[in-house]
$ cat entry_18.cif   # mmCIF, C-alpha atoms
data_work
#
loop_
_atom_site.label_atom_id
_atom_site.label_comp_id
_atom_site.auth_asym_id
_atom_site.auth_seq_id
_atom_site.Cartn_x
_atom_site.Cartn_y
_atom_site.Cartn_z
CA MET A 15 0.63 53.52 -107.26
CA PRO A 16 3.68 51.45 -108.06
CA GLU A 17 3.47 47.87 -106.96
CA GLN A 18 5.63 46.82 -104.01
CA PRO A 19 8.12 44.10 -104.80
CA LEU A 20 7.22 40.77 -103.26
CA GLU A 21 9.59 39.31 -100.65
CA PRO A 22 11.22 36.08 -101.61
CA HIS A 23 9.36 33.06 -100.39
CA VAL A 24 11.08 31.21 -97.55
CA PRO A 25 9.98 27.63 -96.99
CA PHE A 26 8.37 27.16 -93.57
CA ASP A 27 9.53 23.65 -92.96
CA ASP A 28 13.21 24.55 -92.47
CA GLY A 29 12.38 26.59 -89.31
CA ARG A 30 14.02 29.87 -90.42
CA ALA A 31 10.75 31.80 -90.57
CA ILE A 32 10.33 31.30 -86.84
CA ASP A 33 13.95 31.84 -85.91
CA HIS A 34 13.79 35.53 -86.90
CA THR A 35 11.41 36.33 -84.01
CA GLY A 36 11.92 36.17 -80.28
CA ALA A 37 8.79 34.08 -79.83
CA GLY A 38 10.08 31.60 -82.35
CA ALA A 39 13.34 31.17 -80.43
CA GLY A 40 11.39 30.53 -77.24
CA THR A 41 9.17 28.03 -79.03
CA ASP A 42 12.17 26.19 -80.40
CA LEU A 43 13.76 26.07 -76.92
CA ALA A 44 10.57 24.73 -75.38
CA MET A 45 10.29 22.09 -78.09
CA GLU A 46 13.89 21.02 -77.50
CA GLU A 47 13.36 20.79 -73.74
CA GLY A 48 10.18 18.80 -74.27
CA ALA A 49 12.00 16.42 -76.57
CA SER A 50 14.81 15.99 -74.05
CA LEU A 51 12.30 15.19 -71.29
CA GLU A 52 10.67 12.59 -73.48
CA LYS A 53 14.04 10.99 -74.07
CA THR A 54 14.92 10.99 -70.36
CA PRO A 55 14.00 7.62 -68.80
CA GLY A 56 12.96 9.13 -65.49
CA GLY A 57 10.83 11.88 -66.98
CA PRO A 58 10.17 15.10 -65.08
CA LEU A 59 10.59 15.31 -61.34
CA GLY A 60 8.01 13.16 -59.56
CA THR A 61 7.22 10.98 -62.57
CA GLY A 62 8.17 7.47 -63.53
CA PRO A 63 9.82 5.99 -66.62
CA ALA A 64 6.92 6.65 -69.01
CA GLY A 65 5.95 10.01 -67.56
CA LYS A 66 3.60 8.33 -65.11
CA PRO A 67 3.39 9.87 -61.62
CA ARG A 68 5.26 7.89 -58.97
CA SER A 69 3.45 6.51 -55.96
CA LEU A 70 4.24 7.58 -52.40
CA TRP A 71 6.47 4.56 -51.84
CA SER A 72 8.41 4.82 -55.10
CA ASP A 73 8.87 8.55 -54.52
CA ALA A 74 10.09 7.86 -50.96
CA TRP A 75 12.54 5.24 -52.21
CA HIS A 76 13.75 7.72 -54.84
CA ASP A 77 14.59 10.18 -52.03
CA LEU A 78 16.04 7.59 -49.66
CA ARG A 79 18.58 6.38 -52.21
CA ARG A 80 20.00 9.91 -52.30
CA ASN A 81 20.00 10.46 -48.53
CA PRO A 82 23.45 9.85 -46.98
CA VAL A 83 21.88 9.37 -43.53
CA PHE A 84 19.79 6.49 -44.86
CA ILE A 85 22.75 4.93 -46.65
CA ILE A 86 25.06 5.07 -43.62
CA SER A 87 22.46 3.80 -41.15
CA GLY A 88 21.31 1.13 -43.62
CA LEU A 89 24.85 -0.20 -44.03
CA ILE A 90 25.35 -0.33 -40.26
CA ILE A 91 22.06 -2.18 -39.77
CA LEU A 92 22.85 -4.57 -42.62
CA PHE A 93 26.19 -5.37 -40.98
CA LEU A 94 24.46 -5.96 -37.63
CA VAL A 95 21.91 -8.28 -39.21
CA ILE A 96 24.63 -10.29 -40.96
CA ILE A 97 26.71 -10.80 -37.80
CA SER A 98 23.52 -11.56 -35.86
CA ILE A 99 22.74 -14.43 -38.22
CA TRP A 100 26.35 -15.57 -38.77
CA PRO A 101 28.49 -14.27 -35.89
CA SER A 102 31.16 -16.87 -36.68
CA LEU A 103 32.05 -14.86 -39.80
CA ILE A 104 34.05 -12.39 -37.71
CA ALA A 105 34.32 -14.17 -34.34
CA SER A 106 35.66 -17.71 -34.23
CA GLY A 107 35.68 -18.13 -30.44
CA ASP A 108 33.05 -19.31 -27.98
CA PRO A 109 31.40 -16.50 -25.95
CA LEU A 110 30.90 -18.87 -23.00
CA GLN A 111 34.49 -20.17 -22.93
CA CYS A 112 36.33 -18.35 -20.15
CA ASP A 113 39.74 -18.53 -18.48
CA LEU A 114 39.92 -17.01 -15.00
CA SER A 115 43.68 -16.62 -15.28
CA LYS A 116 43.09 -13.90 -17.91
CA ALA A 117 40.35 -12.04 -16.03
CA GLN A 118 40.34 -8.26 -16.63
CA GLU A 119 43.38 -8.40 -18.88
CA GLY A 120 43.61 -5.92 -21.74
CA SER A 121 44.11 -6.36 -25.45
CA GLN A 122 46.25 -9.29 -26.60
CA PRO A 123 47.02 -10.89 -29.99
CA GLY A 124 43.85 -12.66 -31.09
CA HIS A 125 41.82 -10.89 -28.39
CA PRO A 126 41.64 -7.22 -29.45
CA PHE A 127 39.04 -6.18 -26.83
CA GLY A 128 40.65 -7.96 -23.88
CA PHE A 129 38.88 -10.13 -21.30
CA ASN A 130 36.06 -9.54 -18.82
CA GLY A 131 35.88 -10.31 -15.10
CA GLN A 132 35.39 -14.06 -15.72
CA GLY A 133 38.14 -14.27 -18.34
CA CYS A 134 35.77 -14.40 -21.34
CA ASP A 135 36.80 -12.77 -24.60
CA VAL A 136 35.09 -9.35 -24.78
CA TYR A 137 35.29 -9.22 -28.58
CA THR A 138 33.51 -12.55 -29.02
CA ARG A 139 30.82 -11.66 -26.49
CA THR A 140 30.28 -8.27 -28.13
CA VAL A 141 29.77 -9.90 -31.54
CA TYR A 142 27.44 -12.60 -30.21
CA GLY A 143 25.58 -10.04 -28.12
CA ALA A 144 24.36 -8.39 -31.32
CA ARG A 145 22.26 -11.49 -32.08
CA THR A 146 20.29 -11.21 -28.85
CA SER A 147 19.82 -7.46 -28.94
CA VAL A 148 18.76 -7.33 -32.60
CA ALA A 149 16.44 -10.32 -32.18
CA VAL A 150 14.72 -8.73 -29.17
CA GLY A 151 14.35 -5.38 -30.96
CA VAL A 152 13.01 -6.82 -34.22
CA LEU A 153 10.58 -9.30 -32.64
CA ALA A 154 9.28 -6.75 -30.14
CA THR A 155 8.77 -4.20 -32.91
CA LEU A 156 6.89 -6.71 -35.08
CA GLY A 157 4.63 -7.70 -32.18
CA VAL A 158 3.97 -4.11 -31.16
CA GLY A 159 3.38 -3.04 -34.75
CA ILE A 160 0.93 -5.83 -35.57
CA LEU A 161 -1.05 -5.64 -32.33
CA GLY A 162 -1.11 -1.85 -32.13
CA SER A 163 -1.96 -1.35 -35.81
CA LEU A 164 -4.76 -3.90 -35.66
CA LEU A 165 -6.43 -2.51 -32.54
CA GLY A 166 -5.88 1.15 -33.40
CA GLY A 167 -6.91 0.75 -37.04
CA LEU A 168 -10.16 -1.00 -36.17
CA ALA A 169 -10.94 1.58 -33.48
CA GLY A 170 -10.32 4.46 -35.87
CA PHE A 171 -12.38 2.90 -38.66
CA PHE A 172 -15.46 1.81 -36.71
CA GLY A 173 -15.36 4.40 -33.91
CA GLY A 174 -18.16 4.39 -31.40
CA GLY A 175 -17.92 2.40 -28.19
CA TRP A 176 -14.94 0.34 -29.35
CA ASP A 177 -12.95 3.50 -29.94
CA ALA A 178 -13.90 4.94 -26.56
CA VAL A 179 -12.97 1.76 -24.67
CA LEU A 180 -9.63 1.41 -26.47
CA SER A 181 -8.77 5.06 -25.81
CA ARG A 182 -9.31 4.62 -22.09
CA ILE A 183 -7.24 1.42 -22.05
CA THR A 184 -4.35 3.14 -23.80
CA ASP A 185 -4.52 5.97 -21.27
CA VAL A 186 -4.08 3.42 -18.47
CA PHE A 187 -1.04 1.85 -20.15
CA PHE A 188 0.51 5.25 -20.83
CA ALA A 189 0.36 5.96 -17.10
CA ILE A 190 2.61 2.95 -16.31
CA PRO A 191 6.36 3.79 -16.26
CA VAL A 192 8.11 1.33 -18.55
CA VAL A 193 11.15 0.65 -16.37
CA LEU A 194 9.06 0.37 -13.20
CA GLY A 195 6.67 -1.98 -14.97
CA GLY A 196 9.61 -4.10 -16.06
CA LEU A 197 10.97 -4.29 -12.53
CA VAL A 198 7.59 -5.44 -11.22
CA LEU A 199 6.55 -7.86 -13.97
CA LEU A 200 9.91 -9.40 -14.90
CA SER A 201 11.17 -9.81 -11.34
CA VAL A 202 8.97 -12.91 -10.93
CA VAL A 203 10.12 -14.50 -14.20
CA THR A 204 12.78 -17.20 -13.92
CA SER A 205 13.14 -18.05 -17.62
CA ALA A 206 16.50 -17.25 -19.21
CA THR A 207 15.06 -16.95 -22.74
CA ILE A 208 14.26 -13.73 -24.57
CA TRP A 209 10.50 -14.32 -24.76
CA PRO A 210 9.46 -12.84 -21.39
CA VAL A 211 11.28 -9.61 -22.25
CA ILE A 212 9.69 -9.50 -25.71
CA GLY A 213 6.24 -10.16 -24.24
CA PHE A 214 6.71 -7.35 -21.72
CA MET A 215 7.72 -4.90 -24.46
CA ILE A 216 4.68 -5.84 -26.55
CA LEU A 217 2.40 -5.50 -23.52
CA LEU A 218 3.51 -1.95 -22.74
CA GLY A 219 4.47 -0.82 -26.25
CA TRP A 220 1.34 -1.39 -28.31
CA PRO A 221 -0.60 1.69 -27.05
CA GLN A 222 1.79 4.09 -28.78
CA ILE A 223 1.46 2.38 -32.17
CA SER A 224 -2.27 1.98 -31.59
CA ARG A 225 -2.76 5.71 -31.12
CA ILE A 226 -0.70 6.51 -34.23
CA ALA A 227 -2.63 3.97 -36.32
CA ARG A 228 -5.97 5.24 -35.03
CA GLY A 229 -5.21 8.82 -36.03
CA SER A 230 -3.93 7.78 -39.47
CA VAL A 231 -7.02 5.70 -40.20
CA ILE A 232 -9.38 8.48 -39.08
CA THR A 233 -7.59 10.89 -41.42
CA ALA A 234 -7.52 8.44 -44.34
CA LYS A 235 -11.18 7.39 -44.14
CA GLN A 236 -12.29 11.01 -44.60
CA ASN A 237 -10.68 11.25 -48.04
CA ASP A 238 -12.84 11.47 -51.13
CA TYR A 239 -11.73 8.18 -52.64
CA VAL A 240 -12.85 6.31 -49.50
CA GLN A 241 -16.20 8.04 -49.53
CA ALA A 242 -16.57 7.20 -53.23
CA ALA A 243 -15.76 3.55 -52.56
CA ARG A 244 -18.34 3.50 -49.77
CA ALA A 245 -20.95 5.07 -52.07
CA LEU A 246 -20.26 2.40 -54.69
CA GLY A 247 -21.01 -0.31 -52.16
CA ALA A 248 -17.49 -1.44 -51.20
CA SER A 249 -17.36 -3.65 -48.12
CA ASN A 250 -15.58 -2.60 -44.94
CA SER A 251 -12.83 -5.16 -45.46
CA ARG A 252 -12.19 -3.93 -49.02
CA MET A 253 -12.02 -0.30 -47.92
CA LEU A 254 -9.63 -1.17 -45.10
CA LEU A 255 -7.29 -3.34 -47.18
CA ARG A 256 -7.38 -1.57 -50.54
CA HIS A 257 -7.93 2.11 -49.76
CA ILE A 258 -7.19 2.96 -46.12
CA THR A 259 -4.30 0.73 -45.02
CA PRO A 260 -1.87 1.63 -47.87
CA ASN A 261 -2.41 5.33 -47.15
CA ALA A 262 -2.34 5.10 -43.34
CA VAL A 263 0.59 2.75 -42.74
CA ALA A 264 3.39 5.28 -43.38
CA PRO A 265 3.31 6.95 -39.91
CA VAL A 266 3.22 3.53 -38.26
CA ILE A 267 6.34 2.42 -40.14
CA VAL A 268 8.20 5.58 -39.13
CA VAL A 269 7.34 5.27 -35.43
CA ALA A 270 8.07 1.52 -35.41
CA THR A 271 11.49 2.04 -37.01
CA ILE A 272 12.50 4.57 -34.38
CA ALA A 273 11.00 2.43 -31.60
CA LEU A 274 13.13 -0.55 -32.65
CA GLY A 275 16.24 1.19 -31.36
CA THR A 276 14.37 2.13 -28.21
CA TYR A 277 13.46 -1.50 -27.53
CA ILE A 278 17.10 -2.55 -27.91
CA SER A 279 18.06 0.11 -25.39
CA LEU A 280 15.21 -0.98 -23.08
CA GLU A 281 16.39 -4.60 -23.16
CA ALA A 282 19.88 -3.48 -22.17
CA THR A 283 18.46 -1.34 -19.37
CA LEU A 284 16.35 -4.17 -17.93
CA SER A 285 19.27 -6.60 -18.21
CA TYR A 286 21.51 -4.09 -16.45
CA LEU A 287 19.00 -3.89 -13.62
CA GLY A 288 18.95 -7.68 -13.36
CA VAL A 289 15.34 -8.30 -14.44
CA GLY A 290 15.81 -8.66 -18.20
CA LEU A 291 17.87 -11.35 -19.86
CA LYS A 292 19.81 -13.64 -17.57
CA PRO A 293 23.02 -15.64 -17.95
CA PRO A 294 24.05 -17.78 -19.78
CA THR A 295 22.37 -15.60 -22.44
CA VAL A 296 24.93 -13.34 -24.11
CA SER A 297 23.67 -9.76 -24.11
CA TRP A 298 25.18 -6.30 -24.19
CA GLY A 299 23.09 -5.33 -21.18
CA ILE A 300 24.41 -8.26 -19.14
CA ASP A 301 28.01 -7.46 -20.08
CA ILE A 302 27.53 -3.77 -19.22
CA SER A 303 26.04 -4.72 -15.87
CA SER A 304 28.90 -7.09 -15.00
CA ALA A 305 31.54 -4.58 -16.19
CA SER A 306 30.20 -1.60 -14.25
CA GLN A 307 31.91 -2.70 -11.03
CA TYR A 308 35.30 -2.91 -12.78
CA ILE A 309 35.10 0.39 -14.63
CA ARG A 310 38.13 1.86 -12.81
CA ASN A 311 40.45 -1.13 -13.16
CA ALA A 312 39.31 -2.46 -16.55
CA PRO A 313 37.34 0.17 -18.48
CA HIS A 314 37.64 -1.86 -21.71
CA MET A 315 35.09 -4.32 -20.34
CA LEU A 316 32.45 -1.57 -20.40
CA LEU A 317 33.65 0.42 -23.41
CA TRP A 318 33.08 -2.13 -26.18
CA PRO A 319 29.59 -3.48 -25.37
CA ALA A 320 28.37 0.02 -24.48
CA GLY A 321 29.80 1.41 -27.71
CA ALA A 322 28.15 -1.35 -29.78
CA LEU A 323 24.84 -0.64 -28.07
CA ALA A 324 25.10 3.11 -28.69
CA ILE A 325 25.97 2.66 -32.39
CA THR A 326 23.10 0.21 -32.91
CA VAL A 327 20.49 2.44 -31.27
CA LEU A 328 21.78 5.49 -33.14
CA ALA A 329 21.64 3.63 -36.48
CA PHE A 330 17.98 2.71 -36.05
CA ILE A 331 17.06 6.23 -34.93
CA MET A 332 18.86 7.69 -37.96
CA LEU A 333 17.04 5.21 -40.21
CA GLY A 334 13.71 6.21 -38.71
CA ASP A 335 14.44 9.91 -39.21
CA ALA A 336 15.38 9.32 -42.86
CA VAL A 337 12.22 7.30 -43.49
CA ARG A 338 10.12 9.98 -41.81
CA ASP A 339 11.60 12.71 -44.00
CA ALA A 340 10.98 10.63 -47.13
CA LEU A 341 7.37 9.78 -46.29
CA ASP A 342 6.32 13.21 -45.01
CA PRO A 343 4.80 15.19 -47.91
CA LYS A 344 5.13 18.45 -45.96
CA LEU A 345 8.93 18.23 -46.22
CA ARG A 346 8.95 18.00 -50.04
#
$ encode --input "entry_18.cif" --output "structure tokens"
Amino acid sequence: MPEQPLEPHVPFDDGRAIDHTGAGAGTDLAMEEGASLEKTPGGPLGTGPAGKPRSLWSDAWHDLRRNPVFIISGLIILFLVIISIWPSLIASGDPLQCDLSKAQEGSQPGHPFGFNGQGCDVYTRTVYGARTSVAVGVLATLGVGILGSLLGGLAGFFGGGWDAVLSRITDVFFAIPVVLGGLVLLSVVTSATIWPVIGFMILLGWPQISRIARGSVITAKQNDYVQAARALGASNSRMLLRHITPNAVAPVIVVATIALGTYISLEATLSYLGVGLKPPTVSWGIDISSASQYIRNAPHMLLWPAGALAITVLAFIMLGDAVRDALDPKLR
């Protein structure tokens, strides 16, 4: 038989031998994509700069930075915090300086929100009222979060009689209407400071956080890594601080963030009813209460403090919703 002519040799290292086949084209494309991912600082979705998987918190922050709801609410809250600390930045007047000759008058040059029933500048009182409302909301949330997380976390971790007793105590507190409890407990308080109101909110608010923390700890302590740490002889304090708390605190943060706006609204409600903050403290609730009787003749007295209160509460609720969406793995 005649010998078949040999095909010319094509060097393999120039890649043309693979390019003639469909599989080779796919291989080249995969290699190019892999090289591009290696060059990308962020790496594939859900990984960090060096291809390392992101933690829950870094992944949540990655999502929050791209969430317009979080950005808008965060900017509003940042503005409220700034004017709460330095209200003189945008309001140069004194919230307690009043002129009865200008009572109930509308907007004037230098006084864009008009005057209230005592002749005080509504704009200045609205700005200074943010300090009281934000301070009450933040301090009450911190107290409720710390106390509720501590009691609920310990009950969920140790269980037994401590868990049973705490569950029954929380049931009793849940049966007390918040507004009715405020009317009863704060009606005997004569102090004009914010501390009685904060103490009341902590007293009736910790059961909710406690129940959330208890459920999170019970779920977290059943995970394999906690059981492995227990089998290796880890102490209870080490398991709580190193393994359980970082993985059980997310639901508590979400509920506390949403509750912060609720506490601001509750302070305004109690002040409106006359049992919360008392003059000469500057508060949106006090201004709303004093303006309610002039709503027909001077609606501007009610419009501005009520609008500031509504925007503040809405901002914290929006922030809590954004944080919840970022920390909930079921929504990914």
$ resolve_selection --input "entry_18.cif" --expression "the PyMOL selection byres ((chain A and resi 95) around 12)" --output "list in words"
Gly88, Leu89, Ile90, Ile91, Leu92, Phe93, Leu94, Ile96, Ile97, Ser98, Ile99, Trp100, Pro101, Val141, Tyr142, Gly143, Ala144, Arg145, Thr146, Ser147, Val148, Ala149, Gly151, Val152 and Thr326 of chain A
$ residues_around --input "entry_18.cif" --residues "stretch 238-245 of chain A" --least-positions-apart "4" --cutoff "10 Å" --atoms "all atoms listed in the file" --output "list in words"
Ala234, Ser249, Asn250, Arg252, Met253, Leu254, Arg256, His257 and Ile258 of chain A
$ closest_residue --input "entry_18.cif" --among "A:Leu284, A:Ile223, A:Leu153, A:Ile302" --to "A:Gly321" --atoms "only C-alpha atoms"
A:Ile302
$ residues_near_point --input "entry_18.cif" --point "(-4.9, -6.0, -32.1)" --cutoff "12 Å" --atoms "all atoms listed in the file" --output "JSON list (two decimals) with C-alpha atoms, in the coordinates of the input"
[["chain", "number", "residue", "atom", "x", "y", "z"],
["A", 157, "GLY", "CA", 4.63, -7.70, -32.18],
["A", 158, "VAL", "CA", 3.97, -4.11, -31.16],
["A", 159, "GLY", "CA", 3.38, -3.04, -34.75],
["A", 160, "ILE", "CA", 0.93, -5.83, -35.57],
["A", 161, "LEU", "CA", -1.05, -5.64, -32.33],
["A", 162, "GLY", "CA", -1.11, -1.85, -32.13],
["A", 163, "SER", "CA", -1.96, -1.35, -35.81],
["A", 164, "LEU", "CA", -4.76, -3.90, -35.66],
["A", 165, "LEU", "CA", -6.43, -2.51, -32.54],
["A", 166, "GLY", "CA", -5.88, 1.15, -33.40],
["A", 167, "GLY", "CA", -6.91, 0.75, -37.04],
["A", 168, "LEU", "CA", -10.16, -1.00, -36.17],
["A", 169, "ALA", "CA", -10.94, 1.58, -33.48],
["A", 180, "LEU", "CA", -9.63, 1.41, -26.47],
["A", 216, "ILE", "CA", 4.68, -5.84, -26.55],
["A", 217, "LEU", "CA", 2.40, -5.50, -23.52],
["A", 220, "TRP", "CA", 1.34, -1.39, -28.31],
["A", 221, "PRO", "CA", -0.60, 1.69, -27.05],
["A", 223, "ILE", "CA", 1.46, 2.38, -32.17],
["A", 224, "SER", "CA", -2.27, 1.98, -31.59],
["A", 225, "ARG", "CA", -2.76, 5.71, -31.12],
["A", 227, "ALA", "CA", -2.63, 3.97, -36.32],
["A", 228, "ARG", "CA", -5.97, 5.24, -35.03]]
$ atom_distance --input "entry_18.cif" --atom1 "atom CA of A:Asp73" --atom2 "atom CA of A:Asn237"
20.8 Å
$ closest_residue --input "entry_18.cif" --among "A:Gly334, A:Val266, A:His125, A:Ser72" --to "A:Ser106" --atoms "only C-alpha atoms"
A:His125
$ resolve_selection --input "entry_18.cif" --expression "the PyMOL selection byres ((chain A and resi 128) around 12)" --output "PyMOL selection string"
chain A and resi 112-113+116-127+129-140+312-318
$ resolve_selection --input "entry_18.cif" --expression "the PyMOL selection byres ((chain A and resi 74) around 9)" --output "tab-separated table (two decimals) with C-alpha atoms, in the frame of the given file"
chain	number	residue	atom	x	y	z
A	69	SER	CA	3.45	6.51	-55.96
A	70	LEU	CA	4.24	7.58	-52.40
A	71	TRP	CA	6.47	4.56	-51.84
A	72	SER	CA	8.41	4.82	-55.10
A	73	ASP	CA	8.87	8.55	-54.52
A	75	TRP	CA	12.54	5.24	-52.21
A	76	HIS	CA	13.75	7.72	-54.84
A	77	ASP	CA	14.59	10.18	-52.03
A	78	LEU	CA	16.04	7.59	-49.66
A	79	ARG	CA	18.58	6.38	-52.21
A	337	VAL	CA	12.22	7.30	-43.49
A	339	ASP	CA	11.60	12.71	-44.00
A	340	ALA	CA	10.98	10.63	-47.13
A	341	LEU	CA	7.37	9.78	-46.29
A	342	ASP	CA	6.32	13.21	-45.01
$ atom_distance --input "entry_18.cif" --atom1 "atom CA of A:Ile331" --atom2 "atom CA of A:Gly275"
6.2 Å
$ atom_distance --input "entry_18.cif" --atom1 "atom CA of A:Gly213" --atom2 "atom CA of A:Ala336"
28.5 Å
$ closest_residue --input "entry_18.cif" --among "A:Pro210, A:Gly247, A:Pro260, A:Gly175" --to "A:Val150" --atoms "all atoms listed in the file"
A:Pro210
$ closest_residue --input "entry_18.cif" --among "A:Thr283, A:Asn311, A:Thr155, A:Ser115" --to "A:Gly299" --atoms "all atoms listed in the file"
A:Thr283
$ closest_residue --input "entry_18.cif" --among "A:Val179, A:Leu328, A:Leu280, A:Leu103" --to "A:Met215" --atoms "only C-alpha atoms"
A:Leu280
$ residues_around --input "entry_18.cif" --residues "A:Val289" --least-positions-apart "4" --cutoff "9 Å" --atoms "all atoms listed in the file" --output "PyMOL selection string"
chain A and resi 196-203+211+284-285
$ decode --input "entry_18.cif" --residues "stretch 197-267 of chain A" --atoms "C-alpha atoms" --output "CSV table (one decimal), in the first residue's frame"
chain,number,residue,atom,x,y,z
A,197,LEU,CA,-49.8,56.5,82.2
A,198,VAL,CA,-49.7,54.5,85.5
A,199,LEU,CA,-46.0,54.5,86.2
A,200,LEU,CA,-44.9,57.9,84.8
A,201,SER,CA,-47.9,59.8,86.3
A,202,VAL,CA,-46.2,59.8,89.7
A,203,VAL,CA,-42.8,61.0,88.4
A,204,THR,CA,-42.1,64.7,88.9
A,205,SER,CA,-38.6,64.8,87.3
A,206,ALA,CA,-38.3,66.9,84.1
A,207,THR,CA,-35.3,64.9,82.8
A,208,ILE,CA,-35.4,62.2,80.2
A,209,TRP,CA,-34.2,59.4,82.5
A,210,PRO,CA,-37.6,58.3,83.9
A,211,VAL,CA,-39.0,57.9,80.3
A,212,ILE,CA,-35.9,55.9,79.3
A,213,GLY,CA,-36.2,53.7,82.4
A,214,PHE,CA,-39.8,53.0,81.6
A,215,MET,CA,-39.0,52.0,78.0
A,216,ILE,CA,-36.3,49.7,79.2
A,217,LEU,CA,-38.6,48.1,81.8
A,218,LEU,CA,-41.3,47.3,79.3
A,219,GLY,CA,-39.1,46.8,76.2
A,220,TRP,CA,-36.6,44.2,77.2
A,221,PRO,CA,-38.9,41.2,76.9
A,222,GLN,CA,-39.2,41.5,73.1
A,223,ILE,CA,-35.4,41.6,72.6
A,224,SER,CA,-35.0,38.8,75.2
A,225,ARG,CA,-37.3,36.5,73.3
A,226,ILE,CA,-35.5,37.2,70.0
A,227,ALA,CA,-32.1,36.6,71.6
A,228,ARG,CA,-33.3,33.4,73.3
A,229,GLY,CA,-34.5,31.9,70.0
A,230,SER,CA,-31.3,32.9,68.2
A,231,VAL,CA,-29.0,31.4,70.8
A,232,ILE,CA,-31.0,28.1,70.9
A,233,THR,CA,-30.7,27.9,67.1
A,234,ALA,CA,-27.0,28.8,67.1
A,235,LYS,CA,-25.9,26.4,69.9
A,236,GLN,CA,-27.3,23.4,67.9
A,237,ASN,CA,-24.8,24.0,65.0
A,238,ASP,CA,-22.0,21.6,64.4
A,239,TYR,CA,-19.2,24.0,65.2
A,240,VAL,CA,-20.6,24.6,68.7
A,241,GLN,CA,-21.0,20.9,69.3
A,242,ALA,CA,-17.4,20.4,68.1
A,243,ALA,CA,-16.1,23.2,70.4
A,244,ARG,CA,-18.0,21.6,73.3
A,245,ALA,CA,-16.5,18.2,72.5
A,246,LEU,CA,-13.0,19.7,72.5
A,247,GLY,CA,-13.5,21.0,76.0
A,248,ALA,CA,-14.3,24.7,75.3
A,249,SER,CA,-15.7,26.6,78.3
A,250,ASN,CA,-19.2,28.0,78.4
A,251,SER,CA,-17.9,31.6,78.3
A,252,ARG,CA,-15.7,30.8,75.2
A,253,MET,CA,-18.6,29.2,73.4
A,254,LEU,CA,-20.9,32.1,74.1
A,255,LEU,CA,-18.4,34.8,73.2
A,256,ARG,CA,-16.5,33.2,70.3
A,257,HIS,CA,-19.0,30.9,68.6
A,258,ILE,CA,-22.6,31.7,69.6
A,259,THR,CA,-22.9,35.5,70.0
A,260,PRO,CA,-21.4,36.5,66.6
A,261,ASN,CA,-23.9,34.2,64.9
A,262,ALA,CA,-26.9,35.0,67.0
A,263,VAL,CA,-26.7,38.8,67.3
A,264,ALA,CA,-28.0,39.6,63.7
A,265,PRO,CA,-31.7,39.3,64.5
A,266,VAL,CA,-31.2,41.3,67.7
A,267,ILE,CA,-29.6,44.2,65.7
